Structures are given as structure tokens and as C-alpha cells.
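Engineer: Here you go, this is target14.txt (compact mmCIF, C-alpha atoms).
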```txt
# COMPACT_ATOMS: atom_id res chain seq x y z
CA MET R 175 10.05 -22.06 4.77
CA ILE R 176 12.30 -20.82 2.02
CA TYR R 177 10.86 -18.02 -0.08
CA ASN R 178 11.28 -16.55 -3.53
CA ILE R 179 11.28 -12.76 -3.21
CA PHE R 180 9.67 -10.51 -5.82
CA ASN R 181 9.15 -6.78 -6.32
CA ILE R 182 6.30 -5.02 -8.03
CA LYS R 183 5.70 -1.35 -8.75
CA SER R 184 2.96 0.87 -10.08
CA SER R 185 2.80 4.60 -10.67
CA ILE R 186 0.33 7.40 -11.26
CA ILE R 187 0.50 11.08 -12.17
CA ILE R 188 -1.03 13.42 -9.59
CA ASN R 189 -1.85 17.09 -10.17
CA SER R 190 -1.40 18.44 -6.67
CA ASN R 191 0.95 20.07 -4.21
CA VAL R 192 3.73 17.79 -2.92
CA ASP R 193 2.73 18.50 0.70
CA ILE R 194 -0.78 17.23 0.00
CA ILE R 195 0.60 14.12 -1.70
CA TRP R 196 2.94 13.46 1.24
CA GLU R 197 0.09 13.80 3.73
CA ASN R 198 -2.05 11.39 1.69
CA ILE R 199 0.61 8.67 1.51
CA THR R 200 1.61 8.87 5.17
CA ASN R 201 -1.87 9.36 6.68
CA VAL R 202 -4.20 7.54 4.32
CA ASP R 203 -7.99 7.79 4.35
CA ILE R 204 -9.62 5.78 1.60
CA ASN R 205 -12.62 4.22 3.34
CA ASN R 206 -14.96 6.43 1.29
CA PHE R 207 -13.91 4.78 -1.99
CA LYS R 208 -15.79 1.80 -3.35
CA HIS R 209 -13.93 -1.44 -2.77
CA PRO R 210 -13.85 -3.29 -6.12
CA ILE R 211 -16.14 -6.32 -6.30
CA TYR R 212 -13.31 -8.58 -7.44
CA PHE R 213 -11.47 -7.90 -4.16
CA LYS R 214 -14.64 -8.74 -2.22
CA LEU R 215 -14.98 -12.01 -4.16
CA LEU R 216 -11.34 -12.83 -3.39
CA ASP R 217 -11.85 -12.05 0.32
CA ILE R 218 -9.36 -9.18 0.27
CA PRO R 219 -10.41 -6.71 2.98
CA GLN R 220 -10.94 -3.07 2.17
CA PRO R 221 -8.19 -0.75 3.40
CA LEU R 222 -9.82 2.00 5.45
CA SER R 223 -7.08 4.21 6.79
CA ALA R 224 -3.47 4.36 7.89
CA ASP R 225 -2.34 6.78 10.56
CA ILE R 226 1.15 7.82 11.60
CA LEU R 227 1.70 7.37 15.33
CA VAL R 228 5.37 8.41 15.35
CA LYS R 229 7.02 10.19 12.39
CA GLY R 230 10.45 9.40 11.02
CA VAL R 231 12.65 6.33 10.68
CA GLY R 232 11.80 3.87 13.43
CA GLY R 233 8.35 5.44 13.80
CA LYS R 234 5.06 3.60 13.51
CA ARG R 235 1.92 3.69 11.41
CA ILE R 236 -1.24 1.65 11.90
CA ALA R 237 -3.17 0.55 8.81
CA ASN R 238 -6.81 -0.45 9.42
CA PHE R 239 -8.90 -2.83 7.30
CA SER R 240 -12.59 -3.68 7.01
CA ASN R 241 -12.02 -7.12 8.55
CA GLY R 242 -10.94 -5.46 11.82
CA LYS R 243 -7.30 -6.45 11.30
CA LYS R 244 -4.34 -4.09 11.21
CA PHE R 245 -0.84 -3.77 9.85
CA ILE R 246 1.49 -2.39 12.53
CA GLN R 247 3.96 -0.75 10.15
CA GLU R 248 7.49 0.32 11.05
CA ILE R 249 8.86 3.27 9.08
CA ILE R 250 12.22 2.40 7.48
CA ILE R 251 12.67 5.44 5.18
CA TRP R 252 11.32 8.93 5.84
CA GLU R 253 12.50 11.60 3.39
CA GLN R 254 9.86 14.31 3.66
CA ASN R 255 8.05 14.86 0.33
CA ILE R 256 10.35 12.40 -1.46
CA GLU R 257 10.28 8.83 -0.16
CA TYR R 258 8.42 6.90 2.48
CA ALA R 259 9.01 3.18 3.12
CA PHE R 260 7.70 0.78 5.74
CA THR R 261 7.37 -2.81 6.83
CA PHE R 262 3.85 -4.27 6.85
CA ASN R 263 3.78 -6.48 9.99
CA PRO R 264 0.22 -7.83 9.77
CA GLU R 265 -1.56 -8.83 12.96
CA ASN R 266 -1.73 -12.55 13.70
CA ASP R 267 -4.14 -14.50 11.53
CA PHE R 268 -4.54 -11.72 8.93
CA ARG R 269 -6.01 -13.77 6.10
CA ILE R 270 -6.77 -12.89 2.50
CA CYS R 271 -8.25 -14.99 -0.30
CA PHE R 272 -9.82 -17.20 2.40
CA PHE R 273 -6.67 -19.11 3.33
CA PHE R 274 -3.50 -17.03 2.80
CA ASP R 275 -2.18 -16.03 6.23
CA LEU R 276 -0.12 -12.88 5.68
CA THR R 277 1.55 -13.30 9.09
CA ASN R 278 3.42 -16.55 8.49
CA GLY R 279 1.91 -18.30 5.48
CA VAL R 280 3.15 -19.23 2.02
CA PHE R 281 2.57 -15.67 0.77
CA GLN R 282 3.75 -12.57 2.65
CA ILE R 283 4.30 -8.88 1.97
CA PRO R 284 7.23 -7.64 4.08
CA GLU R 285 7.78 -4.09 2.75
CA GLY R 286 6.31 -1.24 0.75
CA ALA R 287 7.44 2.21 -0.34
CA TYR R 288 6.20 5.39 -2.00
CA LEU R 289 8.45 7.60 -4.10
CA ILE R 290 7.40 11.09 -5.22
CA SER R 291 9.08 12.53 -8.34
CA PRO R 292 8.42 16.06 -9.62
CA LEU R 293 7.35 16.45 -13.25
CA SER R 294 6.38 20.14 -13.33
CA VAL R 295 4.69 22.69 -11.09
CA ASN R 296 2.09 20.80 -9.02
CA LYS R 297 2.47 17.68 -11.14
CA TYR R 298 4.16 14.61 -9.66
CA LYS R 299 4.65 10.96 -10.40
CA LEU R 300 3.84 8.79 -7.40
CA LYS R 301 5.36 5.30 -7.46
CA LEU R 302 4.29 2.50 -5.15
CA TYR R 303 6.71 -0.38 -4.61
CA SER R 304 5.91 -3.63 -2.82
CA THR R 305 8.13 -6.55 -1.94
CA TYR R 306 6.39 -9.87 -1.62
CA LYS R 307 7.52 -13.42 -1.08
CA ILE R 308 6.11 -16.80 -1.92
CA ASP R 309 7.15 -20.17 -0.52
CA LYS R 310 9.46 -21.78 -3.09
CA ARG R 311 7.40 -25.00 -3.04
CA VAL R 312 4.34 -23.21 -4.50
CA SER R 313 5.90 -20.19 -6.16
CA PHE R 314 5.52 -21.63 -9.66
CA LEU R 315 1.74 -21.94 -9.09
CA LEU R 316 1.12 -18.66 -7.31
CA LYS R 317 3.47 -16.07 -8.78
CA ILE R 318 1.32 -15.05 -11.77
CA PRO R 319 -2.04 -14.76 -9.93
CA ILE R 320 -0.49 -13.05 -6.89
CA THR R 321 1.41 -10.57 -9.07
CA PHE R 322 -1.77 -9.79 -11.00
CA ILE R 323 -3.84 -9.23 -7.83
CA LEU R 324 -1.11 -7.12 -6.19
CA LYS R 325 -0.88 -4.97 -9.31
CA LEU R 326 -4.66 -4.41 -9.21
CA PHE R 327 -4.45 -3.55 -5.50
CA GLN R 328 -1.61 -1.06 -6.06
CA LYS R 329 -3.61 0.64 -8.83
CA TYR R 330 -6.65 0.82 -6.53
CA LEU R 331 -4.57 2.46 -3.77
CA LEU R 332 -2.86 4.90 -6.13
CA ASN R 333 -6.12 5.94 -7.79
CA SER R 334 -7.71 6.51 -4.37
CA ILE R 335 -4.73 8.62 -3.24
CA LYS R 336 -4.83 10.58 -6.51
CA ARG R 337 -8.54 11.36 -6.08
CA ASN R 338 -7.99 12.49 -2.47
CA CYS R 339 -5.05 14.71 -3.43
CA GLU R 340 -6.71 16.32 -6.41
CA ARG R 341 -9.94 16.87 -4.48
CA GLN R 342 -8.00 18.59 -1.68
CA THR R 343 -6.13 20.69 -4.22
CA GLU R 344 -9.40 21.84 -5.82
CA LYS R 345 -10.84 22.76 -2.42
CA SER R 346 -7.78 24.85 -1.55
CA LYS R 347 -8.11 27.03 -4.69
```
Please express the file's structure as C-alpha cells.
Structural biologist:
Amino acid sequence: MIYNIFNIKSSIIINSNVDIIWENITNVDINNFKHPIYFKLLDIPQPLSADILVKGVGGKRIANFSNGKKFIQEIIIWEQNIEYAFTFNPENDFRICFFFDLTNGVFQIPEGAYLISPLSVNKYKLKLYSTYKIDKRVSFLLKIPITFILKLFQKYLLNSIKRNCERQTEKSK
């Protein structure tokens, strides 16, 4: 297959310590947040957690989902408290929206990245970037709905991370 490649980004302001933000983007725990109904209706599994197995470039992180599937992520950028990027590498037959196989189907998400930018004391902008690709034969049909759904998913992840960070910051006071 020949793919069209696209990039999407979202951002959020987080009032927290940069170390807390870093911990929450590298070792994610969001299974306690309500998975939006529209994702359930679209058969998009709830992300539960992601845990670093080996830190640094070339290291690994495992992301777990409510459907029992995993992303076996390889770390491609590791700049402590600044930037973290990874490949997704979904397990075989990781399906979303009932028929999209993220492993080798017409729609795939090869890479993602977080970038932390300071704004003031304990105030940071967290950006989430995703690269996705769609088979050129169906790209004209799928680009708009896929972009919309990915944007919603990024916002869901960022809001969950923000809540975790700010809750941890409050507890540490």
C-alpha cells in the first residue's frame, strides 16, 4: 500500500512541576478516567496505562488498552523534561472502529511525541503530536473523520494527563 502521511497536534496548559508532567507522559495511568461514550460507540478501546520498561532512546514502553491489546512502543527521543517521542507498534490485529487494523490496515499511527514548554513557574504547555497515515486509495474519504477522531482522542489524553498532574501537585503541597 502507498500512504498519505499526516501530522496532528494538540496542546494544553498544565499547572504543575515539570518532573510531575514528565512522569505522567512517560508512565501514564489514566484508567480511572471515564472513557467518552463516543469512543465506545466507535469501538475505540480505552487506554489504561503505559509503563516504561527501559528508559532512553532505544528503550521500550508498553501501552495497555481495555480490549487487552498493547502498543509495544520504541522510544526514539528522550530529552528529560523536554521531549519524549515513540513509535506505536500495535500488537497484531489491534482493531478500532470495528474494522480498522492498526497493525497493517488502511489507517495506521506510526509515531507520537510529547513536548513540554515552560510558560512560567510551575506552568507548562504540553503538546502532543501524532503522525498518521491513510492508504492513498481511501484517503480522500477518511482524512476528515480520522483527523477529527484523533483530535478528540488527543484532547482526551491531554486532559487526563493534566488532571493527574494537577492532582499530584495539590497533594504535594
Engineer: Just the number, please: distance in Å from atom CA of Glu257 of chain R to atom CA of Ile320 of chain R, one decimal.
Structural biologist: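 Between atom CA of Glu257 of chain R and atom CA of Ile320 of chain R the gap works out to 25.3 Å.
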Engineer: Please identify all polymer residues lying at most 12 Å from the point (-11.5, 10.4, 2.9) (file coordinates), using all atoms listed in the file, and present the result as a short mmCIF file (atom, residue, chain, number, x, y, z; two decimals) with C-alpha atoms, in the frame of the given file.
Structural biologist:
```cif
data_model
loop_
_atom_site.label_atom_id
_atom_site.label_comp_id
_atom_site.auth_asym_id
_atom_site.auth_seq_id
_atom_site.Cartn_x
_atom_site.Cartn_y
_atom_site.Cartn_z
CA ASN R 198 -2.05 11.39 1.69
CA ASN R 201 -1.87 9.36 6.68
CA VAL R 202 -4.20 7.54 4.32
CA ASP R 203 -7.99 7.79 4.35
CA ILE R 204 -9.62 5.78 1.60
CA ASN R 205 -12.62 4.22 3.34
CA ASN R 206 -14.96 6.43 1.29
CA PHE R 207 -13.91 4.78 -1.99
CA LYS R 208 -15.79 1.80 -3.35
CA PRO R 221 -8.19 -0.75 3.40
CA LEU R 222 -9.82 2.00 5.45
CA SER R 223 -7.08 4.21 6.79
CA ALA R 224 -3.47 4.36 7.89
CA SER R 334 -7.71 6.51 -4.37
CA ILE R 335 -4.73 8.62 -3.24
CA LYS R 336 -4.83 10.58 -6.51
CA ARG R 337 -8.54 11.36 -6.08
CA ASN R 338 -7.99 12.49 -2.47
CA CYS R 339 -5.05 14.71 -3.43
CA ARG R 341 -9.94 16.87 -4.48
CA GLN R 342 -8.00 18.59 -1.68
#
```
Engineer: Which one is closest to Val280 of chain R: R:Ile186, R:Ile308, R:Ile179, R:Ala237? Count only C-alpha atoms.
Structural biologist: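 Checking each candidate against Val280 of chain R, we get R:Ile308 as the closest.
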Engineer: Need to verify the contact set: Phe213 of chain R, 9 Å, only C-alpha atoms, exclusion of same-chain residues closer than 4 positions in sequence. Can you return it as number ranges by chain?
Structural biologist: R: 209, 217-220, 271, 323, 327
Engineer: Within 12 Å of Leu324 of chain R, counting all atoms listed in the file, which residues qualify if same-chain residues fewer than 5 places away don't, as a PyMOL selection string?
Structural biologist: chain R and resi 180-184+213+218+270+281-283+286+302-307+316-319+329-331
Engineer: To one decimal place, how far is atom CA of Ile251 of chain R from atom CA of Val192 of chain R in Å?
Structural biologist: 17.3 Å
Engineer: For Gln247 of chain R, please output as an MDAnalysis selection string all residues within 12 Å (counting only C-alpha atoms; exclusion window: fewer than 3 positions along the same chain).
Structural biologist: chainID R and resid 200 224:229 231:238 244 250:251 258:265 283:287
Engineer: For the residues selected in the previous step, produce a file with C-alpha atoms as a PDB file, keeping the file's coordinate frame.
Structural biologist:
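Now in out.pdb:
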```
ATOM      1  CA  THR R 200       1.610   8.870   5.170  1.00  0.00           C
ATOM      2  CA  ALA R 224      -3.470   4.360   7.890  1.00  0.00           C
ATOM      3  CA  ASP R 225      -2.340   6.780  10.560  1.00  0.00           C
ATOM      4  CA  ILE R 226       1.150   7.820  11.600  1.00  0.00           C
ATOM      5  CA  LEU R 227       1.700   7.370  15.330  1.00  0.00           C
ATOM      6  CA  VAL R 228       5.370   8.410  15.350  1.00  0.00           C
ATOM      7  CA  LYS R 229       7.020  10.190  12.390  1.00  0.00           C
ATOM      8  CA  VAL R 231      12.650   6.330  10.680  1.00  0.00           C
ATOM      9  CA  GLY R 232      11.800   3.870  13.430  1.00  0.00           C
ATOM     10  CA  GLY R 233       8.350   5.440  13.800  1.00  0.00           C
ATOM     11  CA  LYS R 234       5.060   3.600  13.510  1.00  0.00           C
ATOM     12  CA  ARG R 235       1.920   3.690  11.410  1.00  0.00           C
ATOM     13  CA  ILE R 236      -1.240   1.650  11.900  1.00  0.00           C
ATOM     14  CA  ALA R 237      -3.170   0.550   8.810  1.00  0.00           C
ATOM     15  CA  ASN R 238      -6.810  -0.450   9.420  1.00  0.00           C
ATOM     16  CA  LYS R 244      -4.340  -4.090  11.210  1.00  0.00           C
ATOM     17  CA  ILE R 250      12.220   2.400   7.480  1.00  0.00           C
ATOM     18  CA  ILE R 251      12.670   5.440   5.180  1.00  0.00           C
ATOM     19  CA  TYR R 258       8.420   6.900   2.480  1.00  0.00           C
ATOM     20  CA  ALA R 259       9.010   3.180   3.120  1.00  0.00           C
ATOM     21  CA  PHE R 260       7.700   0.780   5.740  1.00  0.00           C
ATOM     22  CA  THR R 261       7.370  -2.810   6.830  1.00  0.00           C
ATOM     23  CA  PHE R 262       3.850  -4.270   6.850  1.00  0.00           C
ATOM     24  CA  ASN R 263       3.780  -6.480   9.990  1.00  0.00           C
ATOM     25  CA  PRO R 264       0.220  -7.830   9.770  1.00  0.00           C
ATOM     26  CA  GLU R 265      -1.560  -8.830  12.960  1.00  0.00           C
ATOM     27  CA  ILE R 283       4.300  -8.880   1.970  1.00  0.00           C
ATOM     28  CA  PRO R 284       7.230  -7.640   4.080  1.00  0.00           C
ATOM     29  CA  GLU R 285       7.780  -4.090   2.750  1.00  0.00           C
ATOM     30  CA  GLY R 286       6.310  -1.240   0.750  1.00  0.00           C
ATOM     31  CA  ALA R 287       7.440   2.210  -0.340  1.00  0.00           C
TER      32      ALA R 287
END
```
Engineer: One number please: atom CA of Leu332 of chain R to atom CA of Tyr298 of chain R, in Å, one decimal.
Structural biologist: 12.5 Å
Engineer: Just want the 9 Å neighbourhood of Asn191 of chain R, counted on all atoms listed in the file, with same-chain residues fewer than 4 positions away dropped. Output as a compact mmCIF listing (two decimals) with C-alpha atoms, in the frame of the given file.
Structural biologist:
```
# COMPACT_ATOMS: atom_id res chain seq x y z
CA ILE R 195 0.60 14.12 -1.70
CA TRP R 196 2.94 13.46 1.24
CA VAL R 295 4.69 22.69 -11.09
CA ASN R 296 2.09 20.80 -9.02
CA LYS R 297 2.47 17.68 -11.14
CA TYR R 298 4.16 14.61 -9.66
CA CYS R 339 -5.05 14.71 -3.43
CA GLU R 340 -6.71 16.32 -6.41
CA THR R 343 -6.13 20.69 -4.22
```
Engineer: Pick the closest to Ile256 of chain R from R:Tyr212, R:Phe268, R:Tyr288, R:Phe314: which is it, counting all atoms listed in the file?
Structural biologist: R:Tyr288
Engineer: Find the axis-aligned box for segment 253-266 of chain R, covering all its listed atoms and adding 4 Å on each side, and write its centre and edge lengths in Å to one decimal as AutoDock Vina command-line options.
Structural biologist:
```
--center_x 5.4 --center_y 1.2 --center_z 6.1 --size_x 22.2 --size_y 35.4 --size_z 23.2
```
Engineer: Pick from R:Ser346, R:Ser294, R:Thr277, R:Asn241: nearest to Asn189 of chain R, with only C-alpha atoms counted?
Structural biologist: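 Of R:Ser346, R:Ser294, R:Thr277, R:Asn241, the one nearest Asn189 of chain R, counting only C-alpha atoms, is R:Ser294.
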Engineer: Which of these, R:Asn255, R:Gly230, R:Val312, R:Glu344, has the shortest distance to Ser291 of chain R once you count only C-alpha atoms?
Structural biologist: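 The shortest atom-to-atom distance to Ser291 of chain R comes from R:Asn255.
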Engineer: Looking at all atoms listed in the file, which of R:Ser313, R:Ser185, R:Ile176, R:Ile199 is the one that sits closest to Trp252 of chain R?
Structural biologist: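 Smallest distance to Trp252 of chain R is found for R:Ile199.
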